[in-house]
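K.L.:
Sharing a structure here in structure tokens format.
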Amino acid sequence: MKVLVIGSGAREHALCRSLSLDPAVTSLYCAPGNAGIAEIAELRQVDAMNAGAVADLAAELGADLVVVGPEGPLVAGCADAVRARGIACFGPSGTAARLEGSKAFAKEVMAAAGVPTARSYVCTTPDEVDAALDAFGPPYVVKDDGLAAGKGVVVTGDLAEAREHAASCERVVIEEFLDGPEVSLFAITDGTTSVALQPAQDFKRVGDDDAGPNTGGMGAYSPLTWAPDGLVDDLMATVVKPTVDEMRRRGTPFSGVLFVGLALTSRGPRVIEFNCRFGDPETQVVLARLQTPLASVLNASATGRLGDLEPLRWRDGAAVTVVVAAANYPATPRTGDPIGGLADAASVPDAYVMHAGTRRAEDGVVLSSGGRVLSVTATGDTLAAARDRAYEAVSRIRLAGSHHRTDIAARAVKGEISV
């Protein structure tokens with residue numbers, strides 16, 4: 001099977017790594033990719049937001065399966081263009097991808113499907129914003145209605161900050177704050193049948209103890225040993241199935257991965273958001289534990305045969321990912337700094353480095369090229385062992401001005417998380 005992956009981040013690196021280990025994959029391409037992906041896949045240049053160019057590339061390569069990683073190309077109709085050329089594509093149509101492309105649309109679908117979520121208001125004027133903020137009170141949750149690369153959400157007790165963020169957006173969703181630990185669940189679906197991957201927990205704030213602004217994600221771990229028994233089955237029945245059924249009822253079936261971000265509140269699970277693609281950094285830890293060959297799962301979704309797939313198999317143990325970010329991230333990051341110690345980091349047992357914001361200079365040196373530069377993933381028999389290995393590998397990386405959280409999975413290891 002010839003597989004083409006679209007994207008250039010750590011999520012796509014994790015997908016390519018898993019696909020490269022699948023014996024069914026005979027050729028693996030990634031466009032545009034990055035310095036790390038280049039070591040396991042053949043890179044091609046393409047404007048991922050140009051759906052026609054992506055479809056042309058897939059046809060030129062004779063791809064059997066195209067996997068679209070980022071949300072932007074999906075919302076722009078990349079999967080539609082690929083499928084129009086008769087090529088199987090993993091990812092929702094542009095219309096179905098509105099589940100991530102518009103927070104207001106996602107709320108509308110959840111209401112129609114009876115999915116439990118936070119109460120919310122859609123606001124377009126300052127008066128509407130003030131009324132919504134007053135109705136809910138602090139902490140204020142203000143979400144840009146459109147795509148914002150995981151950084152369009154402000155959660156704050158400062159009314160002025162909440163108003164400022166709302167004023168910077170054309171349309172916002174303001175909702176009640178949800179208490180309780182957060183969970184990320186990926187559900188693979190072909191529009192009818194859905195299969196759950198194992199849940200993970202990620203860390204959005206830039207600093208330890210959830211200090212500072214939101215980011216695209218600073219780390220993650222899996223499994224969630226503290227999660228209630230039967231949680232995944234419950235979420236598939238009350239969130240995923242009703243949502244997939246509602247999308248099909250509307251004539252816009254959703255196929256690909258439905259990423260459910262939710263909080264386990266005192267009133268039960270409540271959906272925070274939907275994404276139409278694999279999440280980063282949760283993908284790194286979830287795929288690190290998936291034993292079933294990935295290509296068979298993605299292809300079954302893309303071809304409507306998910307119901308024929310055997311139950312997924314999982315490796316024992318745990319996985320932890322720690323993100324290494326560039327100086328000044330999540331504000332405008334400093335780029336162009338050389339990265340050292342990559343081989344040393346990869347030599348830590350059961351640890352490996354995923355590239356996100358990197359590029360290779362003409363002299364072969366790997367340079368930073370984005371905000372979240374690297375994602376270091378490690379596995380172990382226990383969560384504590386996986387965490388120790390991940391941080392040992394991080395300690396060997398040299399990138400001037402870089403920073404990372406030091407508390408990824410710490411509370412889970414100490415048994416301090418409860419529902």
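Ligands are numbered from 1 in the order shown, residues from 1 within each chain, and chains are lettered A, B, ... in the order they appear in the structure tokens.
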Go through stretch 132-225 of chain A and flag each residue having an atom no more than 12 Å from stretch 318-334 of chain A; for those, report the closest pair of atoms plus their distance in Å to one decimal, using only C-alpha atoms, ordered by chain and rising number, as a Markdown table.

P.N.:
| residue | atom | partner | partner_atom | distance |
| --- | --- | --- | --- | --- |
| A:Ala149 | CA | A:Pro330 | CA | 11.3 |
| A:Gly150 | CA | A:Pro330 | CA | 10.9 |
| A:Lys151 | CA | A:Pro330 | CA | 8.6 |
| A:Gly152 | CA | A:Pro330 | CA | 11.7 |
| A:Gln198 | CA | A:Ala318 | CA | 11.1 |
| A:Pro199 | CA | A:Ala318 | CA | 11.6 |
| A:Ala200 | CA | A:Ala319 | CA | 9.6 |
| A:Gln201 | CA | A:Val320 | CA | 9.9 |
| A:Asp202 | CA | A:Thr321 | CA | 9.1 |
| A:Phe203 | CA | A:Val322 | CA | 9.6 |
| A:Lys204 | CA | A:Pro330 | CA | 10.8 |
| A:Arg205 | CA | A:Pro330 | CA | 9.6 |
| A:Val206 | CA | A:Pro330 | CA | 7.4 |
| A:Gly207 | CA | A:Pro330 | CA | 10.6 |
| A:Gly212 | CA | A:Pro330 | CA | 9.6 |
| A:Pro213 | CA | A:Pro330 | CA | 7.6 |
| A:Asn214 | CA | A:Pro330 | CA | 7.8 |
| A:Thr215 | CA | A:Pro330 | CA | 6.1 |
| A:Gly216 | CA | A:Pro330 | CA | 8.4 |
| A:Gly217 | CA | A:Val323 | CA | 7.6 |
| A:Met218 | CA | A:Val323 | CA | 4.9 |
| A:Gly219 | CA | A:Val322 | CA | 4.4 |
| A:Ala220 | CA | A:Thr321 | CA | 5.2 |
| A:Tyr221 | CA | A:Val320 | CA | 4.4 |
| A:Ser222 | CA | A:Ala319 | CA | 5.5 |
| A:Pro223 | CA | A:Ala318 | CA | 6.0 |
| A:Leu224 | CA | A:Ala318 | CA | 9.1 |
| A:Thr225 | CA | A:Ala318 | CA | 9.7 |

K.L.:
Excluding A:Thr243 and its own-chain neighbours fewer than 3 positions away, which residues fall within 12 Å of it when counting only C-alpha atoms? Please give them as number ranges by chain.

P.N.:
A: 96, 99, 106-116, 187, 189, 191-194, 235-240, 246-250, 252-255, 258-260, 271, 274

K.L.:
Please report as a tab-separated table every residue of stretch 327-384 of chain A lying within 9 Å of stretch 36-58 of chain A, along with the nearest atom pair and their distance in Å (one decimal), using only C-alpha atoms.

P.N.:
residue	atom	partner	partner_atom	distance
A:Val353	CA	A:Gly36	CA	8.2
A:Met354	CA	A:Gly36	CA	6.7
A:His355	CA	A:Gly36	CA	5.2
A:Ala356	CA	A:Gly36	CA	8.1
A:Thr358	CA	A:Gly36	CA	7.7
A:Arg359	CA	A:Gly36	CA	8.3
A:Arg360	CA	A:Gly36	CA	8.9
A:Val366	CA	A:Gly36	CA	8.9

K.L.:
Using DSSP on the backbone coordinates, identify the residues of stretch 113-357 of chain A assigned to strand (DSSP E); present them as a PyMOL selection string.

P.N.:
chain A and resi 120-123+140-144+153-156+172-175+182-189+194-196+201-202+205-207+211-214+219-222+256-265+268-275+318-325+351-355

K.L.:
Find the residue from A:Ile408, A:Leu147, A:Cys89, A:Val183 that sits nearest to A:Thr265; use only C-alpha atoms when measuring.

P.N.:
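Among A:Ile408, A:Leu147, A:Cys89, A:Val183, it is A:Val183 that comes nearest to A:Thr265.
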
K.L.:
What gap, in Å, lies between atom CA of A:Ala79 and atom CA of A:Thr377?

P.N.:
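Between atom CA of A:Ala79 and atom CA of A:Thr377 the gap is 29.0 Å.
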
K.L.:
Closest to A:Ser8 among A:Gln284, A:Thr95, A:Ser347, A:Asn34, using only C-alpha atoms?

P.N.:
A:Asn34

K.L.:
Quick one: everything within 7 Å of A:Ile417, counting only C-alpha atoms, minus sequence neighbours fewer than 5 positions away in the same chain. Send it as a ChimeraX atom specification.

P.N.:
/A:226,411-412

K.L.:
Mind running stretch 6-35 of chain A against stretch 291-300 of chain A at 12 Å and telling me each contacting residue's nearest atom pair with the distance in Å (one decimal), counting only C-alpha atoms, chain and number ascending, as a Markdown table?

P.N.:
| residue | atom | partner | partner_atom | distance |
| --- | --- | --- | --- | --- |
| A:Ala14 | CA | A:Leu294 | CA | 10.9 |
| A:Leu15 | CA | A:Leu294 | CA | 8.2 |
| A:Cys16 | CA | A:Leu294 | CA | 9.7 |
| A:Arg17 | CA | A:Leu294 | CA | 9.9 |
| A:Ser18 | CA | A:Leu294 | CA | 6.4 |
| A:Leu19 | CA | A:Leu294 | CA | 6.0 |
| A:Ser20 | CA | A:Ala295 | CA | 9.4 |
| A:Leu21 | CA | A:Pro293 | CA | 7.9 |
| A:Asp22 | CA | A:Pro293 | CA | 5.5 |
| A:Pro23 | CA | A:Pro293 | CA | 8.1 |
| A:Ala24 | CA | A:Ala295 | CA | 7.3 |
| A:Val25 | CA | A:Ala295 | CA | 7.2 |
| A:Thr26 | CA | A:Ala295 | CA | 10.9 |
| A:Ser27 | CA | A:Ala295 | CA | 11.7 |
| A:Leu28 | CA | A:Ala295 | CA | 10.9 |

K.L.:
Restricting the output to C-alpha atoms, write the selected residues as an mmCIF file, in the first residue's frame.

P.N.:
data_model
loop_
_atom_site.group_PDB
_atom_site.id
_atom_site.type_symbol
_atom_site.label_atom_id
_atom_site.label_comp_id
_atom_site.auth_asym_id
_atom_site.auth_seq_id
_atom_site.Cartn_x
_atom_site.Cartn_y
_atom_site.Cartn_z
ATOM 1 C CA ALA A 14 3.798 10.102 14.881
ATOM 2 C CA LEU A 15 1.467 8.939 12.107
ATOM 3 C CA CYS A 16 4.390 8.379 9.740
ATOM 4 C CA ARG A 17 6.334 6.489 12.394
ATOM 5 C CA SER A 18 3.450 4.090 13.018
ATOM 6 C CA LEU A 19 2.796 3.672 9.288
ATOM 7 C CA SER A 20 6.493 3.028 8.603
ATOM 8 C CA LEU A 21 6.354 0.074 11.006
ATOM 9 C CA ASP A 22 3.329 -1.422 9.212
ATOM 10 C CA PRO A 23 4.407 -4.222 6.818
ATOM 11 C CA ALA A 24 1.408 -3.474 4.589
ATOM 12 C CA VAL A 25 2.867 -0.044 3.752
ATOM 13 C CA THR A 26 5.237 -0.441 0.797
ATOM 14 C CA SER A 27 5.817 3.262 0.103
ATOM 15 C CA LEU A 28 5.425 6.174 2.504
#

K.L.:
To one decimal in Å, tell me the separation between atom CA of A:Gly251 and atom CA of A:Gly94.

P.N.:
12.8 Å

K.L.:
Fewer than 2 positions away in the same chain doesn't count, so skip those; otherwise give me all residues within 12 Å of A:Glu164, counting only C-alpha atoms, as a list in words.

P.N.:
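Final neighbour list, sorted by chain and number: Pro126, Val129, Asp130, Tyr140, Val142, Lys143, Asp144, Val154, Thr156, Asp158, Leu159, Ala160, Glu161, Ala162, Ala166, Ala167, Ser168, Cys169 and Val172 of chain A.
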
K.L.:
Would you put the residues from that selection into a file with C-alpha atoms, as a CSV table (one decimal), in the first residue's frame?

P.N.:
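And here's again.csv as it stands now:
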chain,number,residue,atom,x,y,z
A,126,PRO,CA,-19.8,43.7,22.6
A,129,VAL,CA,-20.4,39.4,25.0
A,130,ASP,CA,-20.9,41.4,28.1
A,140,TYR,CA,-14.7,33.0,31.9
A,142,VAL,CA,-14.1,32.6,25.6
A,143,LYS,CA,-13.6,30.6,22.3
A,144,ASP,CA,-12.9,31.9,18.9
A,154,VAL,CA,-9.0,31.9,26.8
A,156,THR,CA,-9.5,33.5,32.8
A,158,ASP,CA,-10.0,38.6,34.5
A,159,LEU,CA,-13.0,40.2,32.9
A,160,ALA,CA,-10.9,42.7,30.9
A,161,GLU,CA,-8.9,39.8,29.4
A,162,ALA,CA,-12.0,37.9,28.5
A,166,ALA,CA,-13.7,38.3,22.5
A,167,ALA,CA,-13.1,41.7,20.8
A,168,SER,CA,-10.2,40.1,18.7
A,169,CYS,CA,-12.6,37.5,17.2
A,172,VAL,CA,-17.1,33.9,19.8

K.L.:
Take atom CA of A:Gly146 and atom CA of A:Gly180 and report the distance between them in Å, one decimal.

P.N.:
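Spanning atom CA of A:Gly146 to atom CA of A:Gly180 is a straight-line distance of 25.6 Å.
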
K.L.:
Which parts of stretch 94-158 of chain A does DSSP call helix (DSSP H, G or I) when run on the backbone here, written out as a list in words?

P.N.:
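Of stretch 94-158 of chain A, the ones in helix (DSSP H, G or I) are Arg98, Leu99, Glu100, Gly101, Lys103, Ala104, Phe105, Ala106, Lys107, Glu108, Val109, Met110, Ala111, Ala112, Ala113, Pro126, Asp127, Glu128, Val129, Asp130, Ala131, Ala132, Leu133, Asp134, Ala135 and Phe136 of chain A.
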
K.L.:
Just C-alpha atoms for this one: save the residues we selected as a CSV table (one decimal), in the first residue's frame.

P.N.:
chain,number,residue,atom,x,y,z
A,98,ARG,CA,-17.1,22.2,10.4
A,99,LEU,CA,-17.3,20.3,13.7
A,100,GLU,CA,-13.9,21.8,14.4
A,101,GLY,CA,-14.1,24.7,12.0
A,103,LYS,CA,-17.5,26.0,17.5
A,104,ALA,CA,-21.1,27.3,17.0
A,105,PHE,CA,-21.8,24.6,14.5
A,106,ALA,CA,-20.5,22.0,16.9
A,107,LYS,CA,-22.8,23.3,19.6
A,108,GLU,CA,-25.7,23.1,17.2
A,109,VAL,CA,-24.9,19.5,16.3
A,110,MET,CA,-24.5,18.5,20.0
A,111,ALA,CA,-27.8,20.1,20.9
A,112,ALA,CA,-29.6,18.2,18.1
A,113,ALA,CA,-27.8,14.9,19.1
A,126,PRO,CA,-19.8,43.7,22.6
A,127,ASP,CA,-23.2,43.9,24.2
A,128,GLU,CA,-23.8,40.2,23.6
A,129,VAL,CA,-20.4,39.4,25.0
A,130,ASP,CA,-20.9,41.4,28.1
A,131,ALA,CA,-24.3,39.7,28.7
A,132,ALA,CA,-22.9,36.2,28.3
A,133,LEU,CA,-19.9,36.9,30.6
A,134,ASP,CA,-22.2,38.3,33.2
A,135,ALA,CA,-24.5,35.3,32.9
A,136,PHE,CA,-21.8,32.8,33.6

K.L.:
Of the candidates A:Val75, A:Leu374, A:Val68, A:Gly33, which shows the shortest atom-to-atom distance to A:His404, using only C-alpha atoms?

P.N.:
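That would be A:Leu374, the residue with the smallest distance to A:His404.
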